[in-house]
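Colleague: Here you go, this is structure_20.csv (CSV, C-alpha atoms).
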```
chain,number,residue,atom,x,y,z
A,159,MET,CA,74.7,98.2,135.9
A,160,ARG,CA,75.9,94.6,135.7
A,161,ILE,CA,77.8,93.9,132.5
A,162,VAL,CA,78.7,90.4,131.4
A,163,LEU,CA,81.4,90.4,128.8
A,164,VAL,CA,81.7,87.2,126.7
A,165,ALA,CA,85.0,86.5,124.9
A,166,ASP,CA,87.2,83.6,123.8
A,167,HIS,CA,90.3,84.8,125.7
A,168,ALA,CA,91.0,86.4,129.0
A,169,TYR,CA,94.4,87.8,128.0
A,170,ILE,CA,95.5,90.0,125.1
A,171,ASN,CA,96.4,87.9,122.0
A,172,GLY,CA,95.3,90.4,119.4
A,173,GLY,CA,93.2,93.6,118.8
A,174,GLN,CA,89.9,91.9,119.5
A,175,ALA,CA,91.0,90.7,123.0
A,176,LYS,CA,92.7,94.0,123.7
A,177,VAL,CA,89.4,95.9,123.2
A,178,SER,CA,87.3,93.5,125.3
A,179,LEU,CA,89.8,93.5,128.2
A,180,GLU,CA,90.5,97.2,128.2
A,181,SER,CA,86.8,98.0,128.0
A,182,ALA,CA,86.2,95.6,130.9
A,183,ILE,CA,88.8,97.4,133.1
A,184,GLY,CA,87.5,100.8,132.1
A,185,LEU,CA,83.8,100.0,132.8
A,186,ALA,CA,84.7,98.5,136.2
A,187,ARG,CA,86.6,101.7,137.1
A,188,ARG,CA,83.5,103.7,136.2
A,189,GLY,CA,81.6,101.8,138.9
A,190,HIS,CA,79.9,99.1,136.9
A,191,GLU,CA,79.8,95.5,138.1
A,192,VAL,CA,81.8,93.7,135.4
A,193,VAL,CA,82.1,90.0,134.8
A,194,LEU,CA,84.3,88.6,132.1
A,195,PHE,CA,83.3,85.2,130.8
A,196,ALA,CA,86.1,83.6,128.8
A,197,ALA,CA,87.2,80.1,127.6
A,198,VAL,CA,90.9,80.5,127.4
A,199,GLY,CA,93.3,81.8,130.1
A,200,PRO,CA,95.4,82.9,131.9
A,201,ALA,CA,93.5,85.9,133.0
A,202,ASP,CA,95.2,89.3,132.6
A,203,PRO,CA,96.1,90.3,136.1
A,204,ARG,CA,94.8,93.9,135.5
A,205,LEU,CA,91.3,92.5,135.5
A,206,ALA,CA,91.4,91.5,139.2
A,207,GLU,CA,93.2,94.7,140.1
A,208,ALA,CA,90.3,96.7,138.6
A,209,GLY,CA,87.7,94.7,140.3
A,210,VAL,CA,86.6,92.6,137.3
A,211,ARG,CA,85.3,89.2,138.2
A,212,THR,CA,86.6,86.6,135.8
A,213,VAL,CA,84.8,83.3,135.0
A,214,LEU,CA,87.4,81.2,133.2
A,215,LEU,CA,86.7,77.8,131.7
A,216,ASP,CA,90.4,76.8,131.4
A,217,GLN,CA,89.9,75.5,127.9
A,218,THR,CA,92.3,75.7,125.0
A,219,ASP,CA,92.2,77.8,121.8
A,220,VAL,CA,90.9,75.3,119.3
A,221,THR,CA,93.0,76.8,116.6
A,222,GLN,CA,96.0,75.3,118.3
A,223,ALA,CA,94.6,71.7,118.2
A,224,ARG,CA,96.7,69.4,116.1
A,225,SER,CA,94.1,66.8,115.0
A,226,LEU,CA,91.0,67.5,113.0
A,227,ALA,CA,88.9,65.4,115.5
A,228,ARG,CA,90.1,67.4,118.4
A,229,PHE,CA,89.6,70.6,116.5
A,230,GLY,CA,86.0,69.8,115.8
A,231,VAL,CA,84.6,68.7,119.2
A,232,GLN,CA,84.9,72.0,121.0
A,233,TRP,CA,84.9,74.2,117.9
A,234,LEU,CA,81.5,72.9,116.6
A,235,TRP,CA,79.6,72.8,119.9
A,236,ASN,CA,81.2,73.7,123.2
A,237,GLY,CA,78.7,72.2,125.6
A,238,PRO,CA,80.5,73.2,128.9
A,239,ALA,CA,80.7,76.8,127.7
A,240,ALA,CA,76.9,76.9,127.2
A,241,ALA,CA,76.2,75.4,130.6
A,242,GLU,CA,78.6,77.8,132.4
A,243,LEU,CA,77.3,80.9,130.6
A,244,ARG,CA,73.7,79.9,131.3
A,245,ALA,CA,74.4,79.5,135.0
A,246,LEU,CA,76.2,82.9,135.1
A,247,ILE,CA,73.3,84.7,133.4
A,248,GLU,CA,70.7,83.1,135.6
A,249,GLU,CA,72.3,84.6,138.7
A,250,SER,CA,71.9,88.1,137.1
A,251,ASP,CA,68.9,90.4,137.3
A,252,PRO,CA,67.8,91.0,133.7
A,253,ARG,CA,66.4,94.4,134.7
A,254,ASP,CA,69.9,95.9,135.1
A,255,THR,CA,72.1,93.5,133.3
A,256,VAL,CA,73.6,93.6,129.8
A,257,ILE,CA,75.3,90.7,128.0
A,258,HIS,CA,78.0,92.0,125.7
A,259,VAL,CA,79.5,89.4,123.3
A,260,HIS,CA,83.0,90.2,121.9
A,261,ALA,CA,84.1,86.8,120.6
A,262,TRP,CA,83.0,83.2,120.3
A,263,ALA,CA,84.6,81.7,117.2
A,264,LYS,CA,87.9,80.6,118.5
A,265,ALA,CA,86.8,78.7,121.6
A,266,LEU,CA,83.2,79.2,122.8
A,267,SER,CA,81.4,78.0,119.6
A,268,PRO,CA,77.8,78.4,118.5
A,269,SER,CA,76.6,76.6,121.6
A,270,ILE,CA,76.2,80.0,123.3
A,271,GLY,CA,73.5,80.9,120.8
A,272,PRO,CA,70.5,79.3,122.5
A,273,VAL,CA,71.7,80.7,125.8
A,274,LEU,CA,71.7,84.3,124.4
A,275,ARG,CA,68.4,83.8,122.6
A,276,GLY,CA,66.7,82.5,125.8
A,277,THR,CA,67.8,85.2,128.3
A,278,ALA,CA,65.6,88.1,129.3
A,279,ALA,CA,68.7,90.3,129.6
A,280,PRO,CA,69.5,92.4,126.5
A,281,VAL,CA,72.4,91.2,124.4
A,282,VAL,CA,74.9,93.5,122.7
A,283,TYR,CA,77.3,92.1,120.1
A,284,THR,CA,80.5,93.8,118.8
A,285,ALA,CA,81.4,92.7,115.3
A,286,HIS,CA,85.2,92.6,115.4
A,287,GLU,CA,85.1,90.3,112.2
A,288,TYR,CA,82.5,88.7,110.0
A,289,TYR,CA,81.7,85.3,111.5
A,290,LEU,CA,78.0,86.1,111.8
A,291,ALA,CA,77.8,86.2,108.0
A,292,CYS,CA,80.8,84.2,106.6
A,293,PRO,CA,82.0,80.7,107.6
A,294,ASN,CA,85.7,81.7,107.6
A,295,GLY,CA,85.0,85.0,109.3
A,296,GLY,CA,86.5,87.3,106.6
A,297,PHE,CA,84.8,87.1,103.2
A,298,TYR,CA,88.3,86.0,102.1
A,299,ASP,CA,89.5,83.2,99.8
A,300,TYR,CA,92.9,82.2,101.3
A,301,PRO,CA,94.2,80.0,98.4
A,302,LEU,CA,93.4,82.7,95.9
A,303,ALA,CA,94.5,85.5,98.2
A,304,MET,CA,91.5,87.7,97.3
A,305,THR,CA,88.2,88.9,98.7
A,306,CYS,CA,85.3,86.4,98.3
A,307,HIS,CA,81.9,87.4,97.0
A,308,ARG,CA,80.2,84.0,97.0
A,309,THR,CA,77.0,83.6,99.0
A,310,PRO,CA,77.9,82.2,102.4
A,311,ASN,CA,77.1,78.5,102.6
A,312,GLY,CA,75.6,78.6,99.1
A,313,PRO,CA,76.5,76.0,96.4
A,314,ALA,CA,79.5,78.0,95.1
A,315,CYS,CA,80.7,78.5,98.7
A,316,LEU,CA,80.4,74.9,99.7
A,317,THR,CA,82.3,73.6,96.7
A,318,ARG,CA,85.1,76.1,97.0
A,319,ASN,CA,88.0,75.5,99.4
A,320,CYS,CA,88.6,79.0,100.8
A,321,ASP,CA,90.2,77.8,104.1
A,322,SER,CA,93.8,78.7,105.0
A,323,ARG,CA,94.5,75.0,105.6
A,324,THR,CA,92.4,72.2,104.2
A,325,TYR,CA,89.0,71.5,102.5
A,326,PRO,CA,87.8,69.3,105.4
A,327,ARG,CA,88.3,72.3,107.7
A,328,LYS,CA,86.4,74.4,105.3
A,329,LEU,CA,83.5,72.0,105.5
A,330,MET,CA,83.6,72.0,109.3
A,331,ARG,CA,83.5,75.8,109.1
A,332,ALA,CA,80.4,75.5,106.9
A,333,ALA,CA,78.8,73.1,109.3
A,334,ARG,CA,79.5,75.4,112.3
A,335,HIS,CA,78.0,78.3,110.4
A,336,ALA,CA,74.9,76.3,109.7
A,337,LEU,CA,74.7,75.4,113.4
A,338,MET,CA,75.1,79.1,114.4
A,339,ARG,CA,72.2,80.2,112.1
A,340,ARG,CA,70.0,77.3,113.1
A,341,THR,CA,70.4,77.6,116.9
A,342,GLY,CA,69.8,81.3,117.1
A,343,LEU,CA,73.0,83.2,117.9
A,344,VAL,CA,72.1,86.0,115.5
A,345,GLU,CA,68.5,86.1,116.7
A,346,GLY,CA,69.7,86.5,120.2
A,347,ILE,CA,71.3,89.9,119.5
A,348,ASP,CA,69.4,93.0,120.5
A,349,ALA,CA,72.0,95.6,119.3
A,350,MET,CA,74.9,95.3,117.0
A,351,ILE,CA,78.1,97.4,117.4
A,352,THR,CA,80.1,97.9,114.2
A,353,ILE,CA,83.5,99.5,114.0
A,354,SER,CA,83.5,100.7,110.4
A,355,ARG,CA,81.1,101.6,107.6
A,356,LEU,CA,82.5,98.9,105.3
A,357,GLN,CA,81.9,96.3,108.0
A,358,ARG,CA,78.2,97.2,108.4
A,359,GLU,CA,77.7,97.2,104.7
A,360,ALA,CA,79.3,93.7,104.4
A,361,LEU,CA,77.3,92.3,107.3
A,362,ALA,CA,73.8,93.9,106.9
A,363,PRO,CA,72.6,91.7,104.0
A,364,TYR,CA,73.0,88.6,106.2
A,365,LEU,CA,71.5,89.9,109.4
A,366,PRO,CA,67.8,90.5,110.3
A,367,GLU,CA,66.2,93.6,108.7
A,368,GLY,CA,65.3,95.0,112.1
A,369,MET,CA,68.8,94.8,113.6
A,370,ARG,CA,69.7,97.9,115.5
A,371,TYR,CA,73.2,99.2,114.7
A,372,HIS,CA,75.5,101.4,116.7
A,373,ASP,CA,78.9,102.9,115.7
A,374,VAL,CA,81.4,102.6,118.5
A,375,PRO,CA,84.9,102.9,117.2
A,376,ASN,CA,87.6,100.9,119.0
A,377,PRO,CA,90.0,102.9,121.3
A,378,VAL,CA,93.5,103.8,120.3
A,379,ASP,CA,96.2,103.5,123.0
A,380,VAL,CA,98.5,106.3,121.9
A,381,ALA,CA,99.6,109.4,123.8
A,382,PRO,CA,99.7,112.8,122.0
A,383,LEU,CA,103.4,113.4,121.4
A,384,GLY,CA,103.1,116.4,119.0
A,385,HIS,CA,104.4,116.7,115.5
A,386,ARG,CA,107.4,114.5,114.6
A,387,ALA,CA,110.8,115.9,113.9
A,388,GLY,CA,112.4,114.8,110.6
A,389,PRO,CA,113.7,113.4,108.5
A,390,PRO,CA,111.4,110.5,108.0
A,391,GLY,CA,112.7,106.9,107.9
A,392,ASP,CA,111.7,103.8,106.0
A,393,PHE,CA,108.4,102.5,104.8
A,394,VAL,CA,107.2,99.9,107.3
A,395,PHE,CA,104.7,97.1,107.6
A,396,VAL,CA,103.5,96.3,111.1
A,397,GLY,CA,101.5,93.2,112.0
A,398,ARG,CA,101.1,89.5,111.3
A,399,ILE,CA,103.1,88.5,108.2
A,400,SER,CA,100.4,86.4,106.6
A,401,PRO,CA,99.0,86.3,103.0
A,402,GLU,CA,95.7,88.1,103.8
A,403,LYS,CA,97.7,91.1,105.2
A,404,GLY,CA,99.4,91.6,101.8
A,405,PRO,CA,103.1,91.6,102.9
A,406,GLN,CA,104.3,90.2,99.6
A,407,ILE,CA,102.6,93.1,97.8
A,408,PHE,CA,104.6,95.5,99.9
A,409,ALA,CA,107.9,93.7,99.3
A,410,GLU,CA,107.2,93.6,95.5
A,411,ALA,CA,106.3,97.3,95.5
A,412,ALA,CA,109.4,98.3,97.4
A,413,ARG,CA,111.5,96.5,94.9
A,414,LEU,CA,109.7,98.2,92.0
A,415,ALA,CA,110.2,101.6,93.7
A,416,GLY,CA,113.8,100.9,94.6
A,417,MET,CA,113.2,101.4,98.3
A,418,ARG,CA,113.7,99.3,101.4
A,419,ALA,CA,110.8,97.4,102.9
A,420,VAL,CA,110.8,97.1,106.7
A,421,PHE,CA,108.7,94.5,108.4
A,422,ALA,CA,107.8,94.6,112.1
A,423,GLY,CA,106.1,91.4,113.1
A,424,ASP,CA,106.2,87.7,112.5
A,425,GLY,CA,104.0,85.1,110.7
A,426,PRO,CA,103.7,82.1,108.5
A,427,VAL,CA,105.1,83.7,105.3
A,428,ARG,CA,108.0,85.5,106.9
A,429,ALA,CA,110.6,82.9,105.9
A,430,GLU,CA,109.4,82.8,102.3
A,431,LEU,CA,109.6,86.6,102.0
A,432,GLU,CA,113.0,86.7,103.5
A,433,ALA,CA,114.2,84.2,100.9
A,434,ARG,CA,112.5,86.0,98.0
A,435,PHE,CA,113.4,89.6,99.1
A,436,PRO,CA,116.8,89.6,100.7
A,437,GLU,CA,116.9,93.3,100.4
A,438,ALA,CA,114.0,93.7,102.8
A,439,HIS,CA,114.6,94.2,106.6
A,440,PHE,CA,112.8,92.0,109.1
A,441,LEU,CA,112.6,93.2,112.7
A,442,GLY,CA,110.7,90.3,114.0
A,443,TRP,CA,108.0,90.5,116.8
A,444,GLN,CA,107.9,93.8,118.5
A,445,SER,CA,106.4,94.8,121.8
A,446,PRO,CA,103.6,97.4,121.8
A,447,ASP,CA,106.1,100.1,122.9
A,448,GLN,CA,108.5,99.0,120.2
A,449,VAL,CA,105.8,99.1,117.6
A,450,LYS,CA,105.0,102.7,118.5
A,451,ALA,CA,108.7,103.7,118.2
A,452,VAL,CA,108.9,102.0,114.8
A,453,LEU,CA,105.8,103.9,113.6
A,454,ARG,CA,106.9,107.2,115.0
A,455,GLY,CA,110.2,107.0,113.1
A,456,ALA,CA,108.8,105.7,109.8
A,457,ARG,CA,108.3,107.5,106.6
A,458,ALA,CA,104.9,105.9,106.3
A,459,LEU,CA,103.0,102.9,107.4
A,460,VAL,CA,102.1,100.6,104.5
A,461,PHE,CA,98.9,98.7,105.1
A,462,PRO,CA,98.4,96.4,102.1
A,463,SER,CA,95.7,94.2,103.5
A,464,VAL,CA,93.7,92.3,100.8
A,465,TRP,CA,90.7,91.5,102.9
A,466,TYR,CA,88.0,93.8,104.4
A,467,GLU,CA,89.5,94.0,107.9
A,468,GLY,CA,87.2,95.7,110.5
A,469,GLN,CA,88.9,98.8,111.9
A,470,PRO,CA,92.7,98.3,111.7
A,471,LEU,CA,94.1,99.7,114.9
A,472,THR,CA,97.6,99.9,113.4
A,473,VAL,CA,96.4,102.4,110.9
A,474,LEU,CA,94.9,104.6,113.6
A,475,GLU,CA,98.0,104.3,115.8
A,476,SER,CA,100.1,105.4,113.0
A,477,LEU,CA,98.0,108.5,112.3
A,478,ALA,CA,97.9,109.3,116.0
A,479,LEU,CA,101.7,109.2,116.1
A,480,GLY,CA,101.9,111.6,113.1
A,481,THR,CA,102.9,109.0,110.5
A,482,PRO,CA,101.1,109.0,107.2
A,483,VAL,CA,99.5,105.7,105.9
A,484,LEU,CA,99.5,104.1,102.5
A,485,VAL,CA,96.4,101.9,102.6
A,486,SER,CA,94.7,99.3,100.3
A,487,ASP,CA,91.4,100.6,99.0
A,488,VAL,CA,89.6,97.3,99.7
A,489,CYS,CA,89.9,97.4,103.5
A,490,ALA,CA,88.1,99.4,106.2
A,491,GLY,CA,91.4,101.2,107.0
A,492,ARG,CA,90.9,103.5,104.1
A,493,GLU,CA,88.0,105.2,106.0
A,494,SER,CA,90.5,106.6,108.5
A,495,VAL,CA,92.9,108.0,105.8
A,496,ARG,CA,92.2,111.2,103.9
A,497,HIS,CA,93.6,110.5,100.5
A,498,GLY,CA,96.3,113.1,99.7
A,499,GLU,CA,96.2,114.6,103.2
A,500,SER,CA,97.0,112.0,105.9
A,501,GLY,CA,98.2,109.4,103.4
A,502,LEU,CA,97.3,107.7,100.1
A,503,TRP,CA,95.0,104.9,99.0
A,504,PHE,CA,96.3,102.4,96.4
A,505,ARG,CA,94.7,99.7,94.4
A,506,SER,CA,94.4,96.5,96.3
A,507,SER,CA,96.8,93.7,95.3
A,508,ASP,CA,98.5,96.0,92.8
A,509,PRO,CA,102.3,96.3,93.6
A,510,ARG,CA,102.7,99.0,90.9
A,511,SER,CA,100.0,101.2,92.4
A,512,LEU,CA,101.6,100.9,95.8
A,513,ALA,CA,105.1,101.6,94.3
A,514,ASP,CA,103.7,104.8,92.8
A,515,ALA,CA,102.3,105.8,96.2
A,516,MET,CA,105.7,105.1,97.8
A,517,GLY,CA,107.4,107.2,95.1
A,518,HIS,CA,105.1,110.1,96.0
A,519,LEU,CA,106.1,109.9,99.7
A,520,SER,CA,109.8,109.5,98.9
A,521,ASN,CA,109.9,113.2,99.0
A,522,ASP,CA,110.8,114.2,102.6
A,523,ALA,CA,108.8,117.4,102.5
A,524,THR,CA,105.7,115.5,101.3
A,525,ALA,CA,106.1,112.8,103.9
A,526,MET,CA,106.5,115.4,106.7
A,527,ARG,CA,103.5,117.5,105.5
A,528,MET,CA,101.2,114.4,105.4
A,529,GLY,CA,102.5,113.3,108.8
A,530,ARG,CA,101.6,116.7,110.4
A,531,SER,CA,98.2,116.5,108.7
A,532,ALA,CA,97.7,112.9,110.0
A,533,TYR,CA,98.5,114.0,113.5
A,534,ASP,CA,96.3,117.1,113.5
A,535,LEU,CA,93.3,115.2,112.0
A,536,PHE,CA,93.4,112.4,114.5
A,537,TRP,CA,93.8,114.5,117.6
A,538,ALA,CA,91.1,116.9,116.5
A,539,ASP,CA,88.7,114.1,117.3
A,540,PRO,CA,90.7,111.3,119.1
A,541,LEU,CA,89.5,107.8,119.6
A,542,THR,CA,90.3,107.5,123.3
A,543,LEU,CA,89.3,104.8,125.7
A,544,GLU,CA,87.0,107.3,127.5
A,545,ARG,CA,85.2,108.0,124.3
A,546,HIS,CA,84.9,104.3,123.6
A,547,LEU,CA,83.4,103.7,127.1
A,548,ASP,CA,81.0,106.6,126.6
A,549,GLY,CA,79.8,105.0,123.4
A,550,LEU,CA,79.3,101.6,125.1
A,551,GLU,CA,77.3,103.2,128.0
A,552,ARG,CA,75.0,104.9,125.5
A,553,VAL,CA,74.3,101.5,123.8
A,554,TYR,CA,73.7,99.8,127.2
A,555,ARG,CA,71.3,102.6,128.3
A,556,GLU,CA,69.4,102.2,125.1
A,557,VAL,CA,68.9,98.4,125.3
A,558,VAL,CA,68.0,98.6,129.0
A,559,GLY,CA,65.2,101.0,129.9
A,560,GLN,CA,66.3,104.3,131.5
A,561,GLU,CA,64.8,103.1,134.8
A,562,GLY,CA,66.3,99.7,134.7
A,563,ARG,CA,63.4,98.0,132.8
A,564,VAL,CA,64.3,95.7,129.9
A,565,ALA,CA,63.4,97.4,126.6
A,566,PRO,CA,60.5,95.7,124.9
A,567,ARG,CA,61.5,93.3,122.1
A,568,ALA,CA,60.4,90.0,120.5
A,569,ARG,CA,62.4,87.0,121.5
A,570,ALA,CA,61.8,83.5,120.3
A,571,VAL,CA,62.8,80.9,122.9
A,572,GLY,CA,63.5,77.3,121.9
```
For this file, write the structure as structure tokens.

Modeller:
Amino acid sequence: MRIVLVADHAYINGGQAKVSLESAIGLARRGHEVVLFAAVGPADPRLAEAGVRTVLLDQTDVTQARSLARFGVQWLWNGPAAAELRALIEESDPRDTVIHVHAWAKALSPSIGPVLRGTAAPVVYTAHEYYLACPNGGFYDYPLAMTCHRTPNGPACLTRNCDSRTYPRKLMRAARHALMRRTGLVEGIDAMITISRLQREALAPYLPEGMRYHDVPNPVDVAPLGHRAGPPGDFVFVGRISPEKGPQIFAEAARLAGMRAVFAGDGPVRAELEARFPEAHFLGWQSPDQVKAVLRGARALVFPSVWYEGQPLTVLESLALGTPVLVSDVCAGRESVRHGESGLWFRSSDPRSLADAMGHLSNDATAMRMGRSAYDLFWADPLTLERHLDGLERVYREVVGQEGRVAPRARAVG
């Protein structure tokens, strides 16, 4: 089968890109002809080593643009990306080709929508976030630091600045969202892959009623190391130190509980938190191997995210390493944590609730017991790369007829 993977980046700059690239490499090693179409390089050298062909546009990530004008041109409508993607698809036989979209919002833009809607090849879309439904991609109000329940692009949405930067950027996001809906990106999708129940529930009201959904969890890159030896260490936060991730809630909770907060990562509010909470410990950016070592030695991972998330890989990595998780009850990460067994849920945005959960795990025996349970539950049904690839191949076989014929479907072209 020929598989054309569509993404913003050809290198790993986060969980979304990590999944798309590692699945590309894995699918190629299973004998598929894999092409990665991406806007922003450089390409991960492992792609070529695995036999993945990379079509790279050599564009920039528009989130790095300094001027609003420059930000808007590519971000609203990336004409070159549409032309190059159309040419790539036209060289493919639709009877044995699948187009799999992982990302478009940071570089490719809604311009790829008419291309996807017009192709005879089936299109699969993995929802790593919520851009198909929400203009800012997260159902999240950045200035208020809380989940947003306004109707996307409705009057209340348009008059509210929910953007992390400025209101003009919010209006550009709304314009781009309107372009996306008008030009058919959503209608070009034949099968939707979701990575959590919460994500599907949040997206479904804004997608066509006949959309076909598939659950294919993201893979977790952790080896089975066995149960941890004690005693457990500190409570740790791992990831981007930005408001939507709730790091300030963790710092406040640790102060209330009389415990040390440890942060592994970097981000825009790190300096502010360092000034406000001098008792906290900041490790800075950590490599993937360093992150695993931090998690393995922690008393618990604290995941205080105040937005929905999708399927937080850090939560799963922690469980796989035998470290319990304290997770906000508003995000999809709670689906992976059995309350009272492999960790605890706490009320979102509530430092006191989190402090109480931390107090519960301050007991070494409790922390070790939950850590063993976390490890056993994860490895009883592990989310490996091979399992992820099996799931992708099942979806591909469904959207393409078993004998290579394109499955019947209605497709408006225009």

Colleague: My list of candidates is A:Glu248, A:Glu556, A:Glu430, A:Asp299. Which is closest to A:Asn319 when distances are computed with only C-alpha atoms?

Modeller: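 Closest residue, counting only C-alpha atoms: A:Asp299.
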
Colleague: One decimal, in Å: what's the spacing between atom CA of A:Leu512 and atom CA of A:Leu431?

Modeller: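 Between atom CA of A:Leu512 and atom CA of A:Leu431 the gap is 17.5 Å.
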
Colleague: Can you tell me how far atom CA of A:Ser354 sits from atom CA of A:Leu274, in Å to one decimal?

Modeller: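 The value is 24.6 Å.
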
Colleague: With a cut-off of 6 Å, could you pull out the residues of stretch 267-340 of chain A touching stretch 236-243 of chain A and give me the nearest pair of atoms for each, distance in Å to one decimal, using all atoms listed in the file, ordered by chain and ascending number, as a tab-separated table?

Modeller:
```
residue	atom	partner	partner_atom	distance
A:Ser267	CA	A:Asn236	CA	5.6
A:Ser269	CA	A:Ala240	CA	5.6
A:Ile270	CA	A:Ala240	CA	5.0
```

Colleague: Taking all atoms listed in the file into account, which of A:Ala513, A:Ile161, A:Leu484, A:Val464 comes nearest A:Pro280?

Modeller: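 For A:Pro280, the nearest of the given residues is A:Ile161.
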
Colleague: Which polymer residues have any atom within 12 Å of an atom of A:Ala362, counting only C-alpha atoms, with same-chain residues fewer than 4 positions away left out, as a list in words?

Modeller: Ala285, Tyr288, Leu290, Ala291, Cys292, Val344, Met350, Ile351, Thr352, Arg355, Leu356, Gln357, Arg358, Pro366, Glu367, Gly368, Met369, Arg370 and Tyr371 of chain A

Colleague: Should you be able to, write stretch 290-304 of chain A of this structure into a file that contains N, CA and C atoms, as a PDB file, in the first residue's frame.

Modeller:
```
ATOM      1  N   LEU A 290     -10.085  21.203  13.963  1.00  0.00           N
ATOM      2  CA  LEU A 290     -11.231  21.015  13.077  1.00  0.00           C
ATOM      3  C   LEU A 290     -12.500  21.625  13.656  1.00  0.00           C
ATOM      4  N   ALA A 291     -12.516  21.860  14.965  1.00  0.00           N
ATOM      5  CA  ALA A 291     -13.710  22.395  15.617  1.00  0.00           C
ATOM      6  C   ALA A 291     -13.503  23.774  16.212  1.00  0.00           C
ATOM      7  N   CYS A 292     -12.320  24.063  16.724  1.00  0.00           N
ATOM      8  CA  CYS A 292     -12.075  25.301  17.477  1.00  0.00           C
ATOM      9  C   CYS A 292     -11.011  26.149  16.804  1.00  0.00           C
ATOM     10  N   PRO A 293     -11.229  27.457  16.650  1.00  0.00           N
ATOM     11  CA  PRO A 293     -10.247  28.315  15.975  1.00  0.00           C
ATOM     12  C   PRO A 293      -8.864  28.307  16.599  1.00  0.00           C
ATOM     13  N   ASN A 294      -8.763  28.195  17.942  1.00  0.00           N
ATOM     14  CA  ASN A 294      -7.420  28.194  18.537  1.00  0.00           C
ATOM     15  C   ASN A 294      -6.915  26.785  18.855  1.00  0.00           C
ATOM     16  N   GLY A 295      -7.684  25.791  18.447  1.00  0.00           N
ATOM     17  CA  GLY A 295      -7.223  24.417  18.503  1.00  0.00           C
ATOM     18  C   GLY A 295      -7.345  23.716  19.827  1.00  0.00           C
ATOM     19  N   GLY A 296      -7.908  24.377  20.852  1.00  0.00           N
ATOM     20  CA  GLY A 296      -7.900  23.748  22.160  1.00  0.00           C
ATOM     21  C   GLY A 296      -9.120  23.928  23.031  1.00  0.00           C
ATOM     22  N   PHE A 297     -10.186  24.605  22.533  1.00  0.00           N
ATOM     23  CA  PHE A 297     -11.325  24.923  23.398  1.00  0.00           C
ATOM     24  C   PHE A 297     -10.811  25.529  24.705  1.00  0.00           C
ATOM     25  N   TYR A 298      -9.903  26.489  24.562  1.00  0.00           N
ATOM     26  CA  TYR A 298      -9.228  27.037  25.744  1.00  0.00           C
ATOM     27  C   TYR A 298      -9.116  28.550  25.629  1.00  0.00           C
ATOM     28  N   ASP A 299      -9.450  29.250  26.727  1.00  0.00           N
ATOM     29  CA  ASP A 299      -9.356  30.698  26.801  1.00  0.00           C
ATOM     30  C   ASP A 299      -8.053  31.037  27.522  1.00  0.00           C
ATOM     31  N   TYR A 300      -7.041  31.471  26.760  1.00  0.00           N
ATOM     32  CA  TYR A 300      -5.718  31.713  27.342  1.00  0.00           C
ATOM     33  C   TYR A 300      -5.712  32.835  28.378  1.00  0.00           C
ATOM     34  N   PRO A 301      -6.319  34.014  28.103  1.00  0.00           N
ATOM     35  CA  PRO A 301      -6.291  35.077  29.124  1.00  0.00           C
ATOM     36  C   PRO A 301      -6.967  34.681  30.437  1.00  0.00           C
ATOM     37  N   LEU A 302      -8.057  33.894  30.352  1.00  0.00           N
ATOM     38  CA  LEU A 302      -8.756  33.475  31.553  1.00  0.00           C
ATOM     39  C   LEU A 302      -8.177  32.198  32.150  1.00  0.00           C
ATOM     40  N   ALA A 303      -7.309  31.515  31.387  1.00  0.00           N
ATOM     41  CA  ALA A 303      -6.688  30.257  31.823  1.00  0.00           C
ATOM     42  C   ALA A 303      -7.751  29.236  32.219  1.00  0.00           C
ATOM     43  N   MET A 304      -8.720  29.019  31.310  1.00  0.00           N
ATOM     44  CA  MET A 304      -9.772  28.057  31.600  1.00  0.00           C
ATOM     45  C   MET A 304     -10.354  27.508  30.299  1.00  0.00           C
TER      46      MET A 304
END
```
